[in-house]
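What follows is input.cif (mmCIF, C-alpha atoms and all ligand atoms).
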```
data_structure
#
loop_
_atom_site.label_atom_id
_atom_site.label_comp_id
_atom_site.auth_asym_id
_atom_site.auth_seq_id
_atom_site.Cartn_x
_atom_site.Cartn_y
_atom_site.Cartn_z
CA MET A 1 66.31 -72.22 28.83
CA CYS A 2 69.20 -72.64 26.41
CA LEU A 3 70.52 -69.48 24.77
CA LEU A 4 71.82 -69.65 21.20
CA LEU A 5 74.28 -66.85 20.55
CA GLY A 6 76.73 -65.76 17.88
CA ALA A 7 77.37 -63.00 15.34
CA THR A 8 74.96 -62.45 12.49
CA GLY A 9 75.08 -64.96 9.65
CA VAL A 10 76.95 -67.71 11.53
CA GLY A 11 74.06 -70.15 11.06
CA LYS A 12 72.05 -70.14 14.32
CA THR A 13 68.62 -70.16 12.67
CA LEU A 14 69.58 -72.91 10.24
CA LEU A 15 70.96 -74.94 13.14
CA LEU A 16 67.65 -74.56 15.01
CA LYS A 17 65.70 -75.69 11.96
CA ARG A 18 67.94 -78.73 11.66
CA LEU A 19 67.64 -79.61 15.32
CA GLN A 20 63.87 -79.27 15.06
CA SER A 21 63.53 -81.61 12.12
CA GLN A 22 63.99 -85.30 12.73
CA ARG A 23 66.16 -85.79 9.69
CA GLN A 24 69.43 -84.00 10.24
CA HIS A 25 71.57 -85.75 7.68
CA MET A 26 70.97 -84.28 4.31
CA GLY A 27 71.96 -85.62 0.94
CA ASP A 28 73.79 -83.28 -1.40
CA LEU A 29 70.73 -82.69 -3.52
CA GLU A 30 68.32 -81.94 -0.72
CA GLU A 31 67.06 -78.48 -0.16
CA VAL A 32 68.57 -76.29 2.52
CA PRO A 33 65.82 -74.48 4.45
CA SER A 34 66.04 -70.76 3.83
CA THR A 35 66.65 -68.35 6.69
CA LEU A 36 66.40 -64.62 7.21
CA PRO A 37 68.51 -62.61 9.63
CA THR A 38 66.87 -62.82 13.05
CA VAL A 39 65.88 -59.33 14.10
CA GLY A 40 64.84 -59.85 17.68
CA THR A 41 64.74 -63.30 19.19
CA ASN A 42 63.44 -66.64 18.11
CA LEU A 43 62.02 -69.12 20.63
CA THR A 44 61.97 -72.77 19.58
CA ASP A 45 61.13 -76.00 21.38
CA ILE A 46 63.07 -79.01 20.24
CA THR A 47 62.85 -82.61 21.38
CA VAL A 48 66.01 -84.56 22.14
CA ASN A 49 65.42 -88.20 23.05
CA ARG A 50 61.90 -87.35 24.20
CA LYS A 51 63.05 -84.45 26.35
CA LYS A 52 61.80 -81.00 25.49
CA VAL A 53 64.43 -78.26 25.42
CA THR A 54 63.54 -74.61 24.85
CA ILE A 55 66.13 -72.71 22.87
CA ARG A 56 66.16 -68.95 22.48
CA GLU A 57 68.16 -67.63 19.55
CA LEU A 58 69.29 -64.05 19.96
CA GLY A 59 69.96 -62.44 16.57
CA GLY A 60 73.53 -61.34 16.03
CA CYS A 61 72.32 -57.78 15.40
CA MET A 62 70.90 -57.78 18.94
CA GLY A 63 74.39 -58.04 20.44
CA PRO A 64 74.11 -54.87 22.54
CA ILE A 65 71.04 -56.18 24.38
CA TRP A 66 71.94 -59.88 24.67
CA PRO A 67 72.64 -59.44 28.40
CA SER A 68 68.98 -58.64 29.11
CA TYR A 69 68.23 -62.30 28.29
CA TYR A 70 70.93 -63.88 30.46
CA GLY A 71 68.60 -64.28 33.46
CA ASP A 72 66.90 -67.70 33.38
CA CYS A 73 69.45 -69.51 31.30
CA TYR A 74 71.46 -72.61 32.28
CA LEU A 75 72.91 -73.57 28.88
CA VAL A 76 74.67 -71.45 26.27
CA ILE A 77 75.47 -72.47 22.71
CA PHE A 78 77.83 -70.02 21.02
CA VAL A 79 78.15 -70.39 17.25
CA VAL A 80 81.15 -69.24 15.22
CA ASP A 81 81.48 -69.24 11.43
CA ALA A 82 84.63 -71.28 10.83
CA ALA A 83 84.75 -70.20 7.20
CA ASN A 84 84.74 -66.46 7.85
CA PRO A 85 88.18 -65.30 9.05
CA THR A 86 87.19 -61.60 9.04
CA GLN A 87 84.58 -62.18 11.75
CA LEU A 88 86.82 -64.21 14.06
CA SER A 89 88.26 -61.51 16.26
CA SER A 90 84.89 -59.90 16.95
CA SER A 91 83.36 -63.33 17.67
CA CYS A 92 86.16 -64.05 20.07
CA ILE A 93 85.58 -60.80 21.98
CA GLN A 94 81.84 -61.51 22.07
CA LEU A 95 82.49 -64.97 23.45
CA LEU A 96 84.77 -63.58 26.15
CA SER A 97 82.10 -61.13 27.24
CA VAL A 98 79.51 -63.94 27.37
CA LEU A 99 81.85 -66.06 29.50
CA SER A 100 82.52 -63.21 31.89
CA ALA A 101 78.87 -62.17 32.31
CA GLN A 102 77.82 -62.51 35.94
CA PRO A 103 74.44 -64.30 35.37
CA LEU A 104 76.14 -66.91 33.17
CA GLN A 105 78.78 -68.13 35.62
CA GLU A 106 76.92 -71.38 36.39
CA THR A 107 75.99 -72.27 32.82
CA LYS A 108 77.35 -75.05 30.62
CA VAL A 109 78.79 -73.67 27.40
CA LEU A 110 79.00 -75.33 23.99
CA ILE A 111 81.10 -73.60 21.32
CA LEU A 112 80.21 -74.63 17.78
CA PHE A 113 82.49 -74.04 14.82
CA ASN A 114 79.95 -74.12 12.00
CA LYS A 115 80.10 -74.27 8.18
CA ILE A 116 82.78 -76.93 7.95
CA ASP A 117 81.20 -78.04 4.67
CA LEU A 118 82.74 -74.98 2.98
CA PRO A 119 86.06 -75.64 1.24
CA CYS A 120 87.86 -72.79 3.00
CA TYR A 121 86.85 -73.59 6.58
CA MET A 122 89.38 -73.56 9.40
CA SER A 123 89.88 -76.81 11.25
CA VAL A 124 88.94 -77.20 14.88
CA VAL A 125 92.65 -77.26 15.75
CA GLU A 126 93.23 -73.90 14.04
CA MET A 127 90.07 -72.42 15.53
CA LYS A 128 90.96 -73.60 19.02
CA SER A 129 94.35 -71.98 18.79
CA LEU A 130 93.00 -68.73 17.27
CA PHE A 131 90.36 -68.55 20.02
CA ARG A 132 92.86 -69.64 22.67
CA ILE A 133 90.29 -72.14 23.81
CA ASP A 134 92.70 -73.81 26.24
CA ASP A 135 93.19 -70.51 28.07
CA MET A 136 89.46 -69.86 28.02
CA VAL A 137 88.74 -73.27 29.51
CA SER A 138 91.30 -72.84 32.26
CA CYS A 139 90.23 -69.27 33.14
CA SER A 140 86.44 -69.69 32.99
CA LYS A 141 84.16 -71.05 35.67
CA GLN A 142 81.87 -72.68 33.13
CA SER A 143 82.30 -76.14 31.74
CA ILE A 144 83.11 -75.59 28.06
CA SER A 145 82.74 -78.06 25.20
CA VAL A 146 83.73 -77.55 21.59
CA LEU A 147 82.36 -79.20 18.44
CA GLU A 148 82.71 -78.59 14.72
CA ILE A 149 79.53 -78.87 12.70
CA SER A 150 77.77 -78.10 9.47
CA ALA A 151 74.18 -76.95 9.89
CA ARG A 152 73.96 -77.24 6.13
CA ASP A 153 74.83 -80.91 5.63
CA GLY A 154 74.18 -82.11 9.17
CA THR A 155 77.73 -83.05 10.22
CA GLY A 156 78.10 -83.08 14.01
CA LEU A 157 74.45 -82.37 14.81
CA GLN A 158 74.02 -85.68 16.60
CA ASP A 159 76.71 -84.62 19.05
CA VAL A 160 74.91 -81.31 19.61
CA GLY A 161 71.80 -83.35 20.43
CA LYS A 162 73.79 -85.50 22.84
CA TRP A 163 75.19 -82.43 24.58
CA LEU A 164 71.69 -80.94 24.92
CA HIS A 165 70.33 -84.22 26.19
CA SER A 166 72.97 -84.74 28.83
CA ASN A 167 73.05 -81.14 30.07
CA HIS A 168 69.33 -80.46 29.97
CA LYS A 169 67.68 -79.96 33.34
CA GLY A 170 64.27 -81.15 34.36
N1 LIG B 201 77.66 -73.51 3.78
C1 LIG B 201 76.99 -73.35 4.91
N2 LIG B 201 76.13 -72.33 5.05
C2 LIG B 201 75.47 -72.21 6.23
C3 LIG B 201 75.67 -73.12 7.30
N3 LIG B 201 74.88 -72.72 8.32
C4 LIG B 201 74.22 -71.63 7.90
N4 LIG B 201 74.56 -71.32 6.63
C5 LIG B 201 74.06 -70.20 5.81
O1 LIG B 201 74.45 -68.97 6.40
C6 LIG B 201 73.45 -67.98 6.21
C7 LIG B 201 73.04 -67.37 7.54
O2 LIG B 201 72.42 -68.37 8.34
P1 LIG B 201 71.42 -68.01 9.54
O3 LIG B 201 71.06 -69.30 10.18
O4 LIG B 201 70.32 -67.14 9.07
O5 LIG B 201 72.39 -67.15 10.49
P2 LIG B 201 72.07 -66.57 11.96
O6 LIG B 201 73.24 -66.91 12.81
O7 LIG B 201 70.74 -67.04 12.41
O8 LIG B 201 72.09 -64.98 11.70
P3 LIG B 201 71.28 -63.86 12.55
O9 LIG B 201 69.90 -64.34 12.73
O10 LIG B 201 71.39 -62.61 11.70
O11 LIG B 201 72.01 -63.66 13.86
C8 LIG B 201 72.29 -68.68 5.49
O12 LIG B 201 72.39 -68.42 4.13
C9 LIG B 201 72.53 -70.15 5.78
O13 LIG B 201 72.00 -71.01 4.80
C10 LIG B 201 76.60 -74.19 7.12
O14 LIG B 201 76.85 -75.03 7.99
N5 LIG B 201 77.24 -74.25 5.91
MG MG B 202 68.99 -66.11 12.89
#
```

For the file at hand, write its structure as structure tokens.
Ligand SMILES: Nc1nc2c(ncn2[C@@H]2O[C@H](COP(=O)(O)OP(=O)(O)OP(=O)(O)O)[C@@H](O)[C@H]2O)c(=O)[nH]1
Ligand SMILES: [Mg+2]
Amino acid sequence: MCLLLGATGVGKTLLLKRLQSQRQHMGDLEEVPSTLPTVGTNLTDITVNRKKVTIRELGGCMGPIWPSYYGDCYLVIFVVDAANPTQLSSSCIQLLSVLSAQPLQETKVLILFNKIDLPCYMSVVEMKSLFRIDDMVSCSKQSISVLEISARDGTGLQDVGKWLHSNHKG
């Protein structure tokens, strides 16, 4: 099981819809699938290079009970909205608590800076320094990867697929 985590509105559900559909690269005029805030959880099977991966999105509003889902999970994708500076510090604290959770010590972690299609987004260099990613990587047991993406226009989603493919078990 892969857990998809992140504060509300960062784009987890849209990302899942994109990963589910075969066509991830969208032209400017194509429709963006609509999403509603996930109240509860959202279980989705996606296929990456003919491998089935089950992803469980936990709605951002479920933060207080995320830990009850940490049990049978070997991958974590943590999404951050790179165009929303006001949410950064709380996202950072959430990420630290995910990384320090006992059941998640053996997981592989992918941090996604999403919404880089927006004009005011922060670059991966800025985000890495604001999140002190280098310190996180050196202090955490998990193997941590970082990508910048746009679930809206499809930028970077191929690399998310590659990460899922190479870290997927069984
Ligand atoms: N511009 C832009 N908007 C995005 C992107 N990804 C998601 N959105 C928009 O952000 C809003 C929230 O997206 P959701 O996917 O519902 O967010 P979520 O993380 O699932 O939120 P919760 O379910 O409440 O935890 C929607 O209006 C999306 O269309 C992106 O890459 N770029
Ligand atoms: Mg959602």

Kindly compile the residues surrounding ligand LIG 201 (chain B) within 8 Å, counting all atoms listed in the file, and format them as number ranges by chain.
A: 5-16, 32-39, 57-62, 79, 114-118, 149-154

So which residues touch region 47-50 of chain A within 9 Å, counting only C-alpha atoms, skipping near sequence neighbours fewer than 6 positions away, as a compact mmCIF listing (two decimals) with C-alpha atoms, keeping the file's coordinate frame?
```
# COMPACT_ATOMS: atom_id res chain seq x y z
CA LEU A 19 67.64 -79.61 15.32
CA GLN A 20 63.87 -79.27 15.06
CA GLY A 161 71.80 -83.35 20.43
CA LYS A 162 73.79 -85.50 22.84
CA LEU A 164 71.69 -80.94 24.92
CA HIS A 165 70.33 -84.22 26.19
```

For Ile46 (chain A), which residue among A:His168, A:Lys108, A:Lys128, A:Lys141 is the nearest when counting only C-alpha atoms?
A:His168

Nearest residue to ligand MG 202 (chain B) out of A:Leu110, A:Leu43, A:Met122, A:Leu96, using only C-alpha atoms and all ligand atoms?
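Of all the options, A:Leu43 lies closest to ligand MG 202 (chain B).
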
Please determine an axis-aligned box that encloses all atoms of region 122-136 of chain A listed in the file, with 5 Å added on each side, and express its centre and edge lengths in Å to one decimal as JSON.
```
{"center_x": 91.6, "center_y": -72.9, "center_z": 18.7, "size_x": 15.4, "size_y": 18.7, "size_z": 28.7}
```

So how many Å separate CA of Val124 (chain A) and CA of Glu148 (chain A), to one decimal?
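Atom-to-atom, CA of Val124 (chain A) to CA of Glu148 (chain A), that is 6.4 Å.
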
Report the distance between CA of Ile111 (chain A) and CA of Gly40 (chain A) in Å, rounded to one decimal place.
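These atoms are spaced 21.6 Å apart.
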
Select, from A:Ser21, A:Ser138, A:Thr41, A:Thr86, the residue with the minimum atom-to-atom distance to ligand MG 202 (chain B), counting only C-alpha atoms and all ligand atoms.
A:Thr41

Taking the structure in the block just given, could you write region 118-164 of chain A with N, CA and C atoms, as a PDB file, in the first residue's frame?
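Output contents, as saved in out_6.pdb:
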```pdb
ATOM      1  N   LEU A 118       1.473  27.310 -11.583  1.00  0.00           N
ATOM      2  CA  LEU A 118       1.001  28.637 -11.165  1.00  0.00           C
ATOM      3  C   LEU A 118       2.149  29.633 -11.220  1.00  0.00           C
ATOM      4  N   PRO A 119       1.854  30.889 -11.604  1.00  0.00           N
ATOM      5  CA  PRO A 119       2.930  31.861 -11.819  1.00  0.00           C
ATOM      6  C   PRO A 119       3.733  32.153 -10.544  1.00  0.00           C
ATOM      7  N   CYS A 120       3.092  32.019  -9.390  1.00  0.00           N
ATOM      8  CA  CYS A 120       3.759  32.433  -8.152  1.00  0.00           C
ATOM      9  C   CYS A 120       4.370  31.256  -7.387  1.00  0.00           C
ATOM     10  N   TYR A 121       4.618  30.130  -8.070  1.00  0.00           N
ATOM     11  CA  TYR A 121       5.113  28.966  -7.323  1.00  0.00           C
ATOM     12  C   TYR A 121       6.555  29.170  -6.882  1.00  0.00           C
ATOM     13  N   MET A 122       6.945  28.452  -5.824  1.00  0.00           N
ATOM     14  CA  MET A 122       8.326  28.522  -5.362  1.00  0.00           C
ATOM     15  C   MET A 122       9.122  27.381  -5.980  1.00  0.00           C
ATOM     16  N   SER A 123      10.321  27.680  -6.412  1.00  0.00           N
ATOM     17  CA  SER A 123      11.119  26.676  -7.106  1.00  0.00           C
ATOM     18  C   SER A 123      11.536  25.582  -6.141  1.00  0.00           C
ATOM     19  N   VAL A 124      11.956  24.459  -6.706  1.00  0.00           N
ATOM     20  CA  VAL A 124      12.353  23.327  -5.878  1.00  0.00           C
ATOM     21  C   VAL A 124      13.540  23.702  -4.992  1.00  0.00           C
ATOM     22  N   VAL A 125      14.389  24.606  -5.485  1.00  0.00           N
ATOM     23  CA  VAL A 125      15.542  25.042  -4.684  1.00  0.00           C
ATOM     24  C   VAL A 125      15.072  25.806  -3.442  1.00  0.00           C
ATOM     25  N   GLU A 126      14.129  26.748  -3.670  1.00  0.00           N
ATOM     26  CA  GLU A 126      13.558  27.498  -2.534  1.00  0.00           C
ATOM     27  C   GLU A 126      12.843  26.568  -1.569  1.00  0.00           C
ATOM     28  N   MET A 127      12.028  25.660  -2.122  1.00  0.00           N
ATOM     29  CA  MET A 127      11.246  24.766  -1.269  1.00  0.00           C
ATOM     30  C   MET A 127      12.164  23.866  -0.449  1.00  0.00           C
ATOM     31  N   LYS A 128      13.219  23.373  -1.106  1.00  0.00           N
ATOM     32  CA  LYS A 128      14.143  22.495  -0.384  1.00  0.00           C
ATOM     33  C   LYS A 128      14.793  23.233   0.778  1.00  0.00           C
ATOM     34  N   SER A 129      15.109  24.507   0.550  1.00  0.00           N
ATOM     35  CA  SER A 129      15.769  25.222   1.642  1.00  0.00           C
ATOM     36  C   SER A 129      14.763  25.595   2.733  1.00  0.00           C
ATOM     37  N   LEU A 130      13.525  25.973   2.343  1.00  0.00           N
ATOM     38  CA  LEU A 130      12.507  26.278   3.349  1.00  0.00           C
ATOM     39  C   LEU A 130      12.157  25.045   4.185  1.00  0.00           C
ATOM     40  N   PHE A 131      12.127  23.905   3.551  1.00  0.00           N
ATOM     41  CA  PHE A 131      11.791  22.647   4.241  1.00  0.00           C
ATOM     42  C   PHE A 131      13.009  22.002   4.889  1.00  0.00           C
ATOM     43  N   ARG A 132      14.166  22.609   4.671  1.00  0.00           N
ATOM     44  CA  ARG A 132      15.427  22.028   5.166  1.00  0.00           C
ATOM     45  C   ARG A 132      15.525  20.553   4.797  1.00  0.00           C
ATOM     46  N   ILE A 133      15.301  20.311   3.508  1.00  0.00           N
ATOM     47  CA  ILE A 133      15.255  18.929   3.029  1.00  0.00           C
ATOM     48  C   ILE A 133      16.584  18.216   3.281  1.00  0.00           C
ATOM     49  N   ASP A 134      17.702  18.938   3.131  1.00  0.00           N
ATOM     50  CA  ASP A 134      18.995  18.271   3.335  1.00  0.00           C
ATOM     51  C   ASP A 134      19.117  17.731   4.757  1.00  0.00           C
ATOM     52  N   ASP A 135      18.665  18.539   5.727  1.00  0.00           N
ATOM     53  CA  ASP A 135      18.686  18.071   7.124  1.00  0.00           C
ATOM     54  C   ASP A 135      17.736  16.897   7.318  1.00  0.00           C
ATOM     55  N   MET A 136      16.555  17.002   6.686  1.00  0.00           N
ATOM     56  CA  MET A 136      15.592  15.900   6.805  1.00  0.00           C
ATOM     57  C   MET A 136      16.193  14.614   6.272  1.00  0.00           C
ATOM     58  N   VAL A 137      16.827  14.707   5.106  1.00  0.00           N
ATOM     59  CA  VAL A 137      17.395  13.503   4.483  1.00  0.00           C
ATOM     60  C   VAL A 137      18.473  12.914   5.376  1.00  0.00           C
ATOM     61  N   SER A 138      19.306  13.785   5.971  1.00  0.00           N
ATOM     62  CA  SER A 138      20.407  13.222   6.757  1.00  0.00           C
ATOM     63  C   SER A 138      19.943  12.724   8.133  1.00  0.00           C
ATOM     64  N   CYS A 139      18.818  13.222   8.628  1.00  0.00           N
ATOM     65  CA  CYS A 139      18.353  12.794   9.966  1.00  0.00           C
ATOM     66  C   CYS A 139      17.297  11.700   9.922  1.00  0.00           C
ATOM     67  N   SER A 140      16.746  11.386   8.734  1.00  0.00           N
ATOM     68  CA  SER A 140      15.673  10.392   8.681  1.00  0.00           C
ATOM     69  C   SER A 140      16.232   9.040   8.274  1.00  0.00           C
ATOM     70  N   LYS A 141      15.530   7.998   8.704  1.00  0.00           N
ATOM     71  CA  LYS A 141      15.921   6.642   8.321  1.00  0.00           C
ATOM     72  C   LYS A 141      15.472   6.329   6.902  1.00  0.00           C
ATOM     73  N   GLN A 142      14.377   6.963   6.493  1.00  0.00           N
ATOM     74  CA  GLN A 142      13.785   6.637   5.200  1.00  0.00           C
ATOM     75  C   GLN A 142      14.647   7.141   4.045  1.00  0.00           C
ATOM     76  N   SER A 143      14.465   6.495   2.897  1.00  0.00           N
ATOM     77  CA  SER A 143      15.059   7.065   1.691  1.00  0.00           C
ATOM     78  C   SER A 143      14.050   8.074   1.126  1.00  0.00           C
ATOM     79  N   ILE A 144      14.528   9.308   0.935  1.00  0.00           N
ATOM     80  CA  ILE A 144      13.628  10.404   0.559  1.00  0.00           C
ATOM     81  C   ILE A 144      13.976  10.932  -0.828  1.00  0.00           C
ATOM     82  N   SER A 145      12.956  11.021  -1.686  1.00  0.00           N
ATOM     83  CA  SER A 145      13.153  11.636  -3.003  1.00  0.00           C
ATOM     84  C   SER A 145      12.255  12.868  -3.099  1.00  0.00           C
ATOM     85  N   VAL A 146      12.656  13.796  -3.944  1.00  0.00           N
ATOM     86  CA  VAL A 146      11.900  15.035  -4.101  1.00  0.00           C
ATOM     87  C   VAL A 146      11.671  15.300  -5.589  1.00  0.00           C
ATOM     88  N   LEU A 147      10.440  15.669  -5.945  1.00  0.00           N
ATOM     89  CA  LEU A 147      10.146  16.050  -7.326  1.00  0.00           C
ATOM     90  C   LEU A 147       9.253  17.280  -7.326  1.00  0.00           C
ATOM     91  N   GLU A 148       9.332  18.078  -8.386  1.00  0.00           N
ATOM     92  CA  GLU A 148       8.335  19.147  -8.537  1.00  0.00           C
ATOM     93  C   GLU A 148       7.427  18.784  -9.696  1.00  0.00           C
ATOM     94  N   ILE A 149       6.138  18.984  -9.491  1.00  0.00           N
ATOM     95  CA  ILE A 149       5.150  18.530 -10.470  1.00  0.00           C
ATOM     96  C   ILE A 149       4.019  19.537 -10.634  1.00  0.00           C
ATOM     97  N   SER A 150       3.224  19.303 -11.672  1.00  0.00           N
ATOM     98  CA  SER A 150       1.925  19.960 -11.773  1.00  0.00           C
ATOM     99  C   SER A 150       0.896  18.890 -12.093  1.00  0.00           C
ATOM    100  N   ALA A 151       0.015  18.625 -11.155  1.00  0.00           N
ATOM    101  CA  ALA A 151      -1.063  17.660 -11.407  1.00  0.00           C
ATOM    102  C   ALA A 151      -2.032  18.242 -12.423  1.00  0.00           C
ATOM    103  N   ARG A 152      -1.973  19.559 -12.593  1.00  0.00           N
ATOM    104  CA  ARG A 152      -2.897  20.199 -13.528  1.00  0.00           C
ATOM    105  C   ARG A 152      -2.454  19.995 -14.981  1.00  0.00           C
ATOM    106  N   ASP A 153      -1.188  20.329 -15.264  1.00  0.00           N
ATOM    107  CA  ASP A 153      -0.768  20.194 -16.673  1.00  0.00           C
ATOM    108  C   ASP A 153       0.067  18.939 -16.938  1.00  0.00           C
ATOM    109  N   GLY A 154       0.371  18.179 -15.908  1.00  0.00           N
ATOM    110  CA  GLY A 154       1.023  16.891 -16.119  1.00  0.00           C
ATOM    111  C   GLY A 154       2.545  16.897 -15.976  1.00  0.00           C
ATOM    112  N   THR A 155       3.137  18.071 -15.740  1.00  0.00           N
ATOM    113  CA  THR A 155       4.596  18.150 -15.604  1.00  0.00           C
ATOM    114  C   THR A 155       5.089  17.242 -14.471  1.00  0.00           C
ATOM    115  N   GLY A 156       6.068  16.416 -14.759  1.00  0.00           N
ATOM    116  CA  GLY A 156       6.703  15.610 -13.714  1.00  0.00           C
ATOM    117  C   GLY A 156       5.994  14.306 -13.375  1.00  0.00           C
ATOM    118  N   LEU A 157       4.811  14.085 -13.952  1.00  0.00           N
ATOM    119  CA  LEU A 157       4.064  12.883 -13.539  1.00  0.00           C
ATOM    120  C   LEU A 157       4.719  11.586 -14.011  1.00  0.00           C
ATOM    121  N   GLN A 158       5.448  11.675 -15.114  1.00  0.00           N
ATOM    122  CA  GLN A 158       6.167  10.479 -15.572  1.00  0.00           C
ATOM    123  C   GLN A 158       7.172  10.029 -14.530  1.00  0.00           C
ATOM    124  N   ASP A 159       7.833  11.009 -13.900  1.00  0.00           N
ATOM    125  CA  ASP A 159       8.828  10.660 -12.884  1.00  0.00           C
ATOM    126  C   ASP A 159       8.170  10.072 -11.630  1.00  0.00           C
ATOM    127  N   VAL A 160       6.949  10.530 -11.337  1.00  0.00           N
ATOM    128  CA  VAL A 160       6.206   9.935 -10.218  1.00  0.00           C
ATOM    129  C   VAL A 160       5.923   8.471 -10.546  1.00  0.00           C
ATOM    130  N   GLY A 161       5.519   8.220 -11.786  1.00  0.00           N
ATOM    131  CA  GLY A 161       5.269   6.846 -12.239  1.00  0.00           C
ATOM    132  C   GLY A 161       6.519   5.984 -12.136  1.00  0.00           C
ATOM    133  N   LYS A 162       7.649   6.559 -12.522  1.00  0.00           N
ATOM    134  CA  LYS A 162       8.918   5.813 -12.445  1.00  0.00           C
ATOM    135  C   LYS A 162       9.248   5.465 -11.002  1.00  0.00           C
ATOM    136  N   TRP A 163       9.045   6.436 -10.113  1.00  0.00           N
ATOM    137  CA  TRP A 163       9.340   6.202  -8.693  1.00  0.00           C
ATOM    138  C   TRP A 163       8.452   5.083  -8.163  1.00  0.00           C
ATOM    139  N   LEU A 164       7.139   5.147  -8.510  1.00  0.00           N
ATOM    140  CA  LEU A 164       6.214   4.100  -8.050  1.00  0.00           C
ATOM    141  C   LEU A 164       6.631   2.749  -8.602  1.00  0.00           C
TER     142      LEU A 164
END
```
